[in-house]
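Undergrad: Mind having a look at this structure? Questions to follow.
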Amino acid sequence: MCTPADQTATQKAEEADKLIRKSHEAKAFSYSPYSKFPVGAALLTEDGRIFTGCNIENASLTVGICAERVAIHKAVSEGCTNFKSIAIASDRADHFITPCGACRQVMREFGTKWEVHMTKPDMSCKTMTVEELLPMSFGPKDLQTK
């Protein structure tokens with residue numbers, strides 16, 4: 001069980017646990033015939049909605065998409081751009097699944113303070129903020145000129 005800070009600790013832990021379960025459920029829909037590495041993600045928006053995603057591979061390997069980006073793109077396509085947290089699941093039991101660099105950059109587009117719950121199949125997790133996963137990042141404000 002994850003134990004994030006803020007809110008009431010119990011409320012936040014329950015929220016994280018639900019998101020983690022949803023990420024593991026989403027993993028079942030993975031289309032990963034080439035890597036055989038299924039990944040699921042569940043994204044919680046500030047308004048309480050959850051968007052799930054799974055990795056989707058393609059014979060043209062470079063056009064596949066990660067579970068995290070599927071969930072984020074689904075949320076954005078439904079008008080949500082304020083995120084609270086995301087959980088990521090895989091079958092790797094030896095270490096917590098972490099987002100790739102491209103996913104970290106996409107996450108960063110929508111802020112640096114929201115949480116990323118990286119999990120194992122036993123539902124244990126390690127929680128970090130987007131900022132901790134992508135320090136000194138490039139974001140929307142970097143494109144503003146003065």
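Chain labels follow the order of the structure tokens: the first chain is A, the next B, and so on; residue numbering restarts at 1 in every chain, and ligands are counted from 1 in their shown order.
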Range 22-79 of chain A near range 95-106 of chain A within 12 Å: what's each residue's closest atom pair and its distance in Å to one decimal, counting only C-alpha atoms, ordered by chain then ascending residue number, as a Markdown table?
TA:
```
| residue | atom | partner | partner_atom | distance |
| --- | --- | --- | --- | --- |
| A:Ser23 | CA | A:Ile97 | CA | 11.6 |
| A:His24 | CA | A:Ile97 | CA | 11.7 |
| A:Phe37 | CA | A:Ile97 | CA | 11.0 |
| A:Pro38 | CA | A:Ile97 | CA | 11.0 |
| A:Val39 | CA | A:Ile97 | CA | 8.7 |
| A:Gly40 | CA | A:Ile97 | CA | 10.2 |
| A:Ala41 | CA | A:Pro99 | CA | 10.1 |
| A:Asn55 | CA | A:Cys103 | CA | 11.5 |
| A:Ile65 | CA | A:Cys103 | CA | 9.4 |
| A:Cys66 | CA | A:Cys103 | CA | 7.4 |
| A:Ala67 | CA | A:Cys103 | CA | 8.9 |
| A:Glu68 | CA | A:Cys103 | CA | 6.4 |
| A:Arg69 | CA | A:Cys103 | CA | 6.1 |
| A:Val70 | CA | A:Cys103 | CA | 9.8 |
| A:Ala71 | CA | A:Cys103 | CA | 10.7 |
| A:Ile72 | CA | A:Val106 | CA | 8.2 |
| A:His73 | CA | A:Val106 | CA | 9.4 |
| A:Val76 | CA | A:Val106 | CA | 11.4 |
```
Undergrad: Store the residues picked out above in a file with N, CA, C and O atoms, as an mmCIF file, in the first residue's frame.
TA:
```cif
data_model
loop_
_atom_site.group_PDB
_atom_site.id
_atom_site.type_symbol
_atom_site.label_atom_id
_atom_site.label_comp_id
_atom_site.auth_asym_id
_atom_site.auth_seq_id
_atom_site.Cartn_x
_atom_site.Cartn_y
_atom_site.Cartn_z
ATOM 1 N N SER A 23 -4.535 0.357 -12.547
ATOM 2 C CA SER A 23 -3.392 0.229 -13.466
ATOM 3 C C SER A 23 -3.096 -1.232 -13.757
ATOM 4 O O SER A 23 -2.788 -1.597 -14.894
ATOM 5 N N HIS A 24 -3.223 -2.078 -12.739
ATOM 6 C CA HIS A 24 -2.996 -3.508 -12.943
ATOM 7 C C HIS A 24 -4.112 -4.115 -13.796
ATOM 8 O O HIS A 24 -3.850 -4.996 -14.619
ATOM 9 N N PHE A 37 5.928 -7.441 -22.950
ATOM 10 C CA PHE A 37 6.095 -6.639 -21.739
ATOM 11 C C PHE A 37 4.846 -5.774 -21.551
ATOM 12 O O PHE A 37 4.825 -4.606 -21.928
ATOM 13 N N PRO A 38 3.771 -6.356 -20.993
ATOM 14 C CA PRO A 38 2.544 -5.588 -20.811
ATOM 15 C C PRO A 38 2.675 -4.534 -19.715
ATOM 16 O O PRO A 38 3.269 -4.797 -18.661
ATOM 17 N N VAL A 39 2.124 -3.361 -19.994
ATOM 18 C CA VAL A 39 2.134 -2.259 -19.030
ATOM 19 C C VAL A 39 0.735 -1.661 -18.991
ATOM 20 O O VAL A 39 0.078 -1.517 -20.018
ATOM 21 N N GLY A 40 0.311 -1.287 -17.797
ATOM 22 C CA GLY A 40 -0.964 -0.604 -17.612
ATOM 23 C C GLY A 40 -0.747 0.677 -16.841
ATOM 24 O O GLY A 40 0.218 0.801 -16.075
ATOM 25 N N ALA A 41 -1.637 1.638 -17.038
ATOM 26 C CA ALA A 41 -1.559 2.908 -16.314
ATOM 27 C C ALA A 41 -2.965 3.358 -15.951
ATOM 28 O O ALA A 41 -3.927 3.062 -16.664
ATOM 29 N N ASN A 55 -0.012 -0.216 -22.911
ATOM 30 C CA ASN A 55 0.911 -0.040 -24.027
ATOM 31 C C ASN A 55 0.338 -0.736 -25.266
ATOM 32 O O ASN A 55 -0.325 -1.770 -25.164
ATOM 33 N N ILE A 65 3.020 2.979 -28.524
ATOM 34 C CA ILE A 65 2.811 4.018 -27.513
ATOM 35 C C ILE A 65 2.739 3.385 -26.131
ATOM 36 O O ILE A 65 2.196 2.291 -25.957
ATOM 37 N N CYS A 66 3.279 4.066 -25.167
ATOM 38 C CA CYS A 66 3.313 3.589 -23.784
ATOM 39 C C CYS A 66 1.971 3.786 -23.093
ATOM 40 O O CYS A 66 1.194 4.672 -23.451
ATOM 41 N N ALA A 67 1.734 2.983 -22.065
ATOM 42 C CA ALA A 67 0.487 3.036 -21.304
ATOM 43 C C ALA A 67 0.240 4.414 -20.689
ATOM 44 O O ALA A 67 -0.889 4.908 -20.701
ATOM 45 N N GLU A 68 1.285 5.037 -20.171
ATOM 46 C CA GLU A 68 1.140 6.337 -19.533
ATOM 47 C C GLU A 68 0.628 7.381 -20.518
ATOM 48 O O GLU A 68 -0.268 8.173 -20.212
ATOM 49 N N ARG A 69 1.205 7.378 -21.714
ATOM 50 C CA ARG A 69 0.779 8.358 -22.717
ATOM 51 C C ARG A 69 -0.622 8.073 -23.230
ATOM 52 O O ARG A 69 -1.362 8.998 -23.530
ATOM 53 N N VAL A 70 -1.000 6.795 -23.314
ATOM 54 C CA VAL A 70 -2.377 6.470 -23.714
ATOM 55 C C VAL A 70 -3.352 7.079 -22.703
ATOM 56 O O VAL A 70 -4.319 7.746 -23.081
ATOM 57 N N ALA A 71 -3.100 6.862 -21.405
ATOM 58 C CA ALA A 71 -3.983 7.394 -20.365
ATOM 59 C C ALA A 71 -4.032 8.924 -20.411
ATOM 60 O O ALA A 71 -5.114 9.524 -20.330
ATOM 61 N N ILE A 72 -2.874 9.553 -20.558
ATOM 62 C CA ILE A 72 -2.827 11.022 -20.602
ATOM 63 C C ILE A 72 -3.543 11.549 -21.841
ATOM 64 O O ILE A 72 -4.333 12.497 -21.760
ATOM 65 N N HIS A 73 -3.320 10.938 -22.985
ATOM 66 C CA HIS A 73 -3.972 11.389 -24.215
ATOM 67 C C HIS A 73 -5.483 11.207 -24.137
ATOM 68 O O HIS A 73 -6.244 12.058 -24.630
ATOM 69 N N VAL A 76 -6.719 14.106 -21.914
ATOM 70 C CA VAL A 76 -6.668 15.385 -22.629
ATOM 71 C C VAL A 76 -7.757 15.449 -23.696
ATOM 72 O O VAL A 76 -8.418 16.474 -23.865
#
```
Undergrad: What's around Gly111 in chain A at 10 Å? Count only C-alpha atoms, leave out sequence neighbours fewer than 6 positions away in its own chain, and write the answer as a count of residues only.
TA: 9
Undergrad: Pick from A:Ala28, A:Ala75, A:Ile56, A:Leu143: nearest to Ala89 in chain A, with only C-alpha atoms counted?
TA: A:Ala28
Undergrad: What are the DSSP alpha helix (DSSP H) residues of range 23-67 of chain A, as a PyMOL selection string?
TA: chain A and resi 23-27+67
Undergrad: Just the selected residues (N, CA, C and O atoms), exported as a compact mmCIF listing (two decimals), in the first residue's frame, please.
TA:
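Done, and the output landed in out.txt:
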```
# COMPACT_ATOMS: atom_id res chain seq x y z
N SER A 23 -4.54 0.36 -12.55
CA SER A 23 -3.39 0.23 -13.47
C SER A 23 -3.10 -1.23 -13.76
O SER A 23 -2.79 -1.60 -14.89
N HIS A 24 -3.22 -2.08 -12.74
CA HIS A 24 -3.00 -3.51 -12.94
C HIS A 24 -4.11 -4.11 -13.80
O HIS A 24 -3.85 -5.00 -14.62
N GLU A 25 -5.34 -3.64 -13.64
CA GLU A 25 -6.44 -4.10 -14.49
C GLU A 25 -6.22 -3.67 -15.94
O GLU A 25 -6.46 -4.44 -16.87
N ALA A 26 -5.75 -2.45 -16.14
CA ALA A 26 -5.51 -1.93 -17.50
C ALA A 26 -4.43 -2.72 -18.23
O ALA A 26 -4.47 -2.87 -19.45
N LYS A 27 -3.49 -3.24 -17.48
CA LYS A 27 -2.38 -4.02 -18.05
C LYS A 27 -2.91 -5.22 -18.84
O LYS A 27 -2.32 -5.64 -19.83
N ALA A 67 1.73 2.98 -22.07
CA ALA A 67 0.49 3.04 -21.30
C ALA A 67 0.24 4.41 -20.69
O ALA A 67 -0.89 4.91 -20.70
```
Undergrad: I want to know what sits within 12 Å of Ile20 in chain A, based on only C-alpha atoms, with residues of the same chain fewer than 6 positions away left out; could you give that as a VMD selection string?
TA: chain A and resid 1 to 2 13 to 14 26 to 27 40 to 44 50 52 85 to 90 116 to 127
Undergrad: Keeping N, CA and C atoms, export the residues of the selection given above as a PDB file, in the first residue's frame.
TA:
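Written out: part.pdb:
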```pdb
ATOM      1  N   MET A   1       0.839  -1.180   0.000  1.00  0.00           N
ATOM      2  CA  MET A   1       0.000   0.000   0.000  1.00  0.00           C
ATOM      3  C   MET A   1       0.878   1.236   0.000  1.00  0.00           C
ATOM      4  N   CYS A   2       0.546   2.206  -0.813  1.00  0.00           N
ATOM      5  CA  CYS A   2       1.283   3.463  -0.860  1.00  0.00           C
ATOM      6  C   CYS A   2       0.800   4.380   0.242  1.00  0.00           C
ATOM      7  N   ALA A  13      -4.100   7.386   0.755  1.00  0.00           N
ATOM      8  CA  ALA A  13      -3.671   5.997   0.590  1.00  0.00           C
ATOM      9  C   ALA A  13      -4.754   5.192  -0.123  1.00  0.00           C
ATOM     10  N   GLU A  14      -6.018   5.418   0.224  1.00  0.00           N
ATOM     11  CA  GLU A  14      -7.124   4.727  -0.441  1.00  0.00           C
ATOM     12  C   GLU A  14      -7.196   5.112  -1.913  1.00  0.00           C
ATOM     13  N   ALA A  26      -5.754  -2.454 -16.145  1.00  0.00           N
ATOM     14  CA  ALA A  26      -5.514  -1.930 -17.498  1.00  0.00           C
ATOM     15  C   ALA A  26      -4.434  -2.720 -18.227  1.00  0.00           C
ATOM     16  N   LYS A  27      -3.486  -3.237 -17.476  1.00  0.00           N
ATOM     17  CA  LYS A  27      -2.383  -4.025 -18.052  1.00  0.00           C
ATOM     18  C   LYS A  27      -2.912  -5.221 -18.838  1.00  0.00           C
ATOM     19  N   GLY A  40       0.311  -1.287 -17.797  1.00  0.00           N
ATOM     20  CA  GLY A  40      -0.964  -0.604 -17.612  1.00  0.00           C
ATOM     21  C   GLY A  40      -0.747   0.677 -16.841  1.00  0.00           C
ATOM     22  N   ALA A  41      -1.637   1.638 -17.038  1.00  0.00           N
ATOM     23  CA  ALA A  41      -1.559   2.908 -16.314  1.00  0.00           C
ATOM     24  C   ALA A  41      -2.965   3.358 -15.951  1.00  0.00           C
ATOM     25  N   ALA A  42      -3.057   4.064 -14.842  1.00  0.00           N
ATOM     26  CA  ALA A  42      -4.317   4.683 -14.424  1.00  0.00           C
ATOM     27  C   ALA A  42      -3.997   6.087 -13.941  1.00  0.00           C
ATOM     28  N   LEU A  43      -4.682   7.057 -14.524  1.00  0.00           N
ATOM     29  CA  LEU A  43      -4.428   8.472 -14.289  1.00  0.00           C
ATOM     30  C   LEU A  43      -5.605   9.088 -13.548  1.00  0.00           C
ATOM     31  N   LEU A  44      -5.338   9.759 -12.445  1.00  0.00           N
ATOM     32  CA  LEU A  44      -6.367  10.436 -11.667  1.00  0.00           C
ATOM     33  C   LEU A  44      -6.308  11.929 -11.943  1.00  0.00           C
ATOM     34  N   ILE A  50     -10.860   8.933 -13.490  1.00  0.00           N
ATOM     35  CA  ILE A  50      -9.730   8.039 -13.736  1.00  0.00           C
ATOM     36  C   ILE A  50      -9.751   7.624 -15.199  1.00  0.00           C
ATOM     37  N   THR A  52      -7.648   5.164 -17.893  1.00  0.00           N
ATOM     38  CA  THR A  52      -6.687   4.074 -17.943  1.00  0.00           C
ATOM     39  C   THR A  52      -6.052   3.985 -19.329  1.00  0.00           C
ATOM     40  N   SER A  85      -2.444  12.278  -9.963  1.00  0.00           N
ATOM     41  CA  SER A  85      -1.468  11.185  -9.872  1.00  0.00           C
ATOM     42  C   SER A  85      -1.711  10.162 -10.971  1.00  0.00           C
ATOM     43  N   ILE A  86      -0.689   9.337 -11.178  1.00  0.00           N
ATOM     44  CA  ILE A  86      -0.768   8.236 -12.137  1.00  0.00           C
ATOM     45  C   ILE A  86      -0.102   7.023 -11.510  1.00  0.00           C
ATOM     46  N   ALA A  87      -0.667   5.853 -11.769  1.00  0.00           N
ATOM     47  CA  ALA A  87      -0.065   4.595 -11.322  1.00  0.00           C
ATOM     48  C   ALA A  87       0.320   3.793 -12.552  1.00  0.00           C
ATOM     49  N   ILE A  88       1.444   3.096 -12.467  1.00  0.00           N
ATOM     50  CA  ILE A  88       1.968   2.313 -13.587  1.00  0.00           C
ATOM     51  C   ILE A  88       2.198   0.880 -13.110  1.00  0.00           C
ATOM     52  N   ALA A  89       1.775  -0.088 -13.926  1.00  0.00           N
ATOM     53  CA  ALA A  89       1.897  -1.501 -13.549  1.00  0.00           C
ATOM     54  C   ALA A  89       2.541  -2.319 -14.655  1.00  0.00           C
ATOM     55  N   SER A  90       3.348  -3.290 -14.254  1.00  0.00           N
ATOM     56  CA  SER A  90       3.917  -4.263 -15.191  1.00  0.00           C
ATOM     57  C   SER A  90       3.994  -5.609 -14.475  1.00  0.00           C
ATOM     58  N   VAL A 116       3.594  10.098  -9.169  1.00  0.00           N
ATOM     59  CA  VAL A 116       3.711   8.912 -10.021  1.00  0.00           C
ATOM     60  C   VAL A 116       3.927   7.718  -9.091  1.00  0.00           C
ATOM     61  N   HIS A 117       2.969   6.780  -9.106  1.00  0.00           N
ATOM     62  CA  HIS A 117       3.059   5.569  -8.298  1.00  0.00           C
ATOM     63  C   HIS A 117       3.610   4.452  -9.189  1.00  0.00           C
ATOM     64  N   MET A 118       4.825   4.041  -8.938  1.00  0.00           N
ATOM     65  CA  MET A 118       5.466   2.979  -9.704  1.00  0.00           C
ATOM     66  C   MET A 118       5.291   1.689  -8.909  1.00  0.00           C
ATOM     67  N   THR A 119       4.759   0.648  -9.537  1.00  0.00           N
ATOM     68  CA  THR A 119       4.329  -0.525  -8.780  1.00  0.00           C
ATOM     69  C   THR A 119       5.047  -1.808  -9.170  1.00  0.00           C
ATOM     70  N   LYS A 120       4.758  -2.834  -8.381  1.00  0.00           N
ATOM     71  CA  LYS A 120       5.149  -4.216  -8.658  1.00  0.00           C
ATOM     72  C   LYS A 120       3.865  -5.047  -8.675  1.00  0.00           C
ATOM     73  N   PRO A 121       3.910  -6.274  -9.179  1.00  0.00           N
ATOM     74  CA  PRO A 121       2.703  -7.112  -9.222  1.00  0.00           C
ATOM     75  C   PRO A 121       2.047  -7.368  -7.860  1.00  0.00           C
ATOM     76  N   ASP A 122       2.817  -7.270  -6.777  1.00  0.00           N
ATOM     77  CA  ASP A 122       2.244  -7.484  -5.444  1.00  0.00           C
ATOM     78  C   ASP A 122       1.519  -6.248  -4.907  1.00  0.00           C
ATOM     79  N   MET A 123       1.379  -5.220  -5.760  1.00  0.00           N
ATOM     80  CA  MET A 123       0.690  -3.960  -5.453  1.00  0.00           C
ATOM     81  C   MET A 123       1.507  -3.011  -4.577  1.00  0.00           C
ATOM     82  N   SER A 124       2.736  -3.367  -4.261  1.00  0.00           N
ATOM     83  CA  SER A 124       3.595  -2.421  -3.541  1.00  0.00           C
ATOM     84  C   SER A 124       3.980  -1.315  -4.512  1.00  0.00           C
ATOM     85  N   CYS A 125       4.352  -0.174  -3.977  1.00  0.00           N
ATOM     86  CA  CYS A 125       4.711   0.920  -4.878  1.00  0.00           C
ATOM     87  C   CYS A 125       5.722   1.863  -4.270  1.00  0.00           C
ATOM     88  N   LYS A 126       6.319   2.615  -5.155  1.00  0.00           N
ATOM     89  CA  LYS A 126       7.221   3.705  -4.798  1.00  0.00           C
ATOM     90  C   LYS A 126       6.610   4.939  -5.441  1.00  0.00           C
ATOM     91  N   THR A 127       6.464   6.010  -4.670  1.00  0.00           N
ATOM     92  CA  THR A 127       5.838   7.224  -5.167  1.00  0.00           C
ATOM     93  C   THR A 127       6.849   8.354  -5.253  1.00  0.00           C
TER      94      THR A 127
END
```
Undergrad: Env of Asn58 in chain A: 10 Å cut, atoms = only C-alpha atoms, seq-sep filter 4 positions within chain, self excluded. Answer as a VMD selection string.
TA: chain A and resid 31 to 34 62 to 65
Undergrad: For a test of reading the model, state the distance in Å between CA of Lys141 in chain A and CA of Lys74 in chain A, rounded to one decimal.
TA: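 Spanning CA of Lys141 in chain A to CA of Lys74 in chain A is a straight-line distance of 23.7 Å.
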Undergrad: Closest to Ala16 in chain A among A:Glu115, A:Glu57, A:Glu132, A:Thr145, using only C-alpha atoms?
TA: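 The shortest atom-to-atom distance to Ala16 in chain A comes from A:Glu115.
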